[in-house]
Amino acid sequence: MSLNPAMKRYNRRMIWLWLIYAAFLFVALYTFTHRLLGGPGTYLVAILPALPIIGVFVAVGRYLFEEQDEYLRMLMVRQTLWASGFALSLATIWGFLERFDLVDHIDAYYIAIVWFFGLGVGAVMNKLTLGASVQC
Amino acid sequence: MLCARKSDFTPAQRAHTRRILWLLLTYAIVLPPLVWLHAHRHIGPTLSVLMAIAASIPLLGIFASWGRYLSDERDEYHQALALRRIAIATNATMGAAIVWGFLQAFGAMPLIEAYWVPFVWVVLQGVAGCVAAFSRGAAAN
């Protein structure tokens with residue numbers, strides 16, 4: 001399947017955002033490992049790797065906005081709904097397991113990682129129920 | 001007066017609202033005794049897992065109810081509005097989770113239970129619903 005212009009832009013944005021993420025994460029890890037900053041600066045550097053990942057969510061939103069093919073858009077909307085349901089449900093269950101001291105606390109960004117995994121779950125569900133999935 | 005009439009809602013919206021209210025009521029009834037038991041009695045791990053799942057079920061039901069609503073809604077305009085709301089709530093919630101997660105990872109913020117993330121999502125949906133209902137009421141007046 002050839003990629004339409006919206007998909008190509010989406011892929012390009014994703015590649016850039018993940019590259020920026022790798023660079024920002026390296027900066028943050030280096031800064032914290034070597035204790036280069038203190039005070040409010042630590043908050044800014046801690047938030048730095050979060051920004052490209054927030055950009056990834058924005059990129060998914062922009063793709064939905066820019067996609068002209070209604071069928072492909074519907075497939076992506078279904079994928080994101082599956083991802084949200086999957087991530088929020090797992091977060092709920094994990095949260096209560098934490099509350100009752102059965103599992104350790106996790107950093108909240110793991111929920112976003114589960115969301116990205118949920119996109120894959122959504123693609124599988126689309127394939128199973130509609131026989132097609134978005135192939136960006 | 002800023003209030004929405006029953007006729008302002010589609011049948012799918014009414015069913016969804018009914019489901020959400022029942023689920024929240026169930027949550028409010030189920031959670032306090034579970035928290036009390038955990039705090040005041042020594043509970044084994046198996047029962048604790050069951051308690052954690054029991055506390056999760058009403059919230060999972062809320063997510064399922066949103067899926068059901070999107071599938072039941074026949075009015076394409078309302079369906080599109082709901083999708084938009086879900087997209088905004090999800091982006092805002094995930095954004096907050098990522099920022100908080102990195103602040104936790106670098107020791108700038110304390111670790112919190114993961115259910116606060118879906119809690120933020122549900123609250124955002126509630127706020128968006130209230131804003132929509134008030135806007136409808138204002139428009140009708």
# chains A, B, ... in the order shown; residues from 1 in each chain; ligands from 1

call {"tool": "interface_residues", "arguments": {"of": "chain B", "to": "chain A", "cutoff": "6 Å", "atoms": "only C-alpha atoms", "output": "VMD selection string"}}
result
chain B and resid 52 56 60 94 to 95 97 to 99 101 to 103 113 to 115 118

call {"tool": "write_last_selection", "arguments": {"atoms": "C-alpha atoms", "output": "CSV table (one decimal), in the first residue's frame"}}
result
chain,number,residue,atom,x,y,z
B,52,ALA,CA,-8.2,-4.1,43.6
B,56,SER,CA,-11.3,-0.9,39.1
B,60,LEU,CA,-13.4,0.3,33.4
B,94,MET,CA,-1.4,11.7,28.4
B,95,GLY,CA,0.6,15.0,28.3
B,97,ALA,CA,1.1,11.7,32.6
B,98,ILE,CA,4.3,12.2,30.6
B,99,VAL,CA,5.3,15.4,32.3
B,101,GLY,CA,6.3,10.7,34.8
B,102,PHE,CA,9.6,12.4,33.9
B,103,LEU,CA,9.4,14.6,37.0
B,113,GLU,CA,-0.9,5.7,42.1
B,114,ALA,CA,-1.5,5.1,38.4
B,115,TYR,CA,-5.2,5.5,38.7
B,118,PRO,CA,-7.6,7.9,34.3

call {"tool": "residues_around", "arguments": {"residues": "Leu70 in chain B", "least_positions_apart": "5", "cutoff": "9 Å", "atoms": "only C-alpha atoms", "output": "ChimeraX atom specification"}}
result
/B:12,65,79,82-83

call {"tool": "residues_around", "arguments": {"residues": "Val134 in chain A", "least_positions_apart": "5", "cutoff": "7 Å", "atoms": "only C-alpha atoms", "output": "count of residues only"}}
result
3

call {"tool": "select_by_dssp", "arguments": {"residues": "chain B", "states": "alpha helix (DSSP H)", "output": "ChimeraX atom specification"}}
result
/B:11-40,45-72,76-105,116-140

call {"tool": "residues_around", "arguments": {"residues": "Gln125 in chain B", "least_positions_apart": "3", "cutoff": "12 Å", "atoms": "only C-alpha atoms", "output": "compact mmCIF listing (two decimals) with C-alpha atoms, in the first residue's frame"}}
result
# COMPACT_ATOMS: atom_id res chain seq x y z
CA THR B 17 -25.47 9.40 31.13
CA ILE B 20 -22.19 6.70 33.94
CA ILE B 62 -16.95 4.14 32.31
CA PHE B 63 -14.45 3.58 29.48
CA TRP B 66 -17.88 5.69 26.16
CA LEU B 81 -18.25 16.09 19.10
CA ALA B 82 -17.75 13.11 21.43
CA LEU B 83 -14.70 11.98 19.45
CA ARG B 84 -13.27 15.49 19.65
CA ARG B 85 -13.83 15.58 23.40
CA ILE B 86 -12.19 12.19 23.85
CA ALA B 87 -9.21 13.28 21.72
CA ILE B 88 -8.74 16.49 23.75
CA ALA B 89 -9.13 14.69 27.10
CA THR B 90 -6.75 11.91 26.04
CA ALA B 92 -4.31 16.47 27.92
CA THR B 93 -4.25 13.42 30.21
CA PRO B 118 -7.62 7.86 34.32
CA PHE B 119 -9.12 9.96 37.11
CA VAL B 120 -7.85 13.11 35.35
CA TRP B 121 -9.36 11.80 32.08
CA VAL B 122 -12.77 11.20 33.70
CA ALA B 128 -16.31 19.17 29.08
CA GLY B 129 -19.82 17.69 29.54
CA CYS B 130 -20.82 20.46 31.97
CA VAL B 131 -19.45 23.15 29.64
CA ALA B 132 -21.40 21.62 26.71

call {"tool": "residues_around", "arguments": {"residues": "Arg74 in chain B", "least_positions_apart": "6", "cutoff": "12 Å", "atoms": "only C-alpha atoms", "output": "list of chain:residue names"}}
result
B:Thr10, B:Pro11, B:Ala12, B:Gln13, B:Arg68, B:Ala80

call {"tool": "atom_distance", "arguments": {"atom1": "CA of Ala28 in chain B", "atom2": "CA of Ile112 in chain B"}}
result
20.8 Å
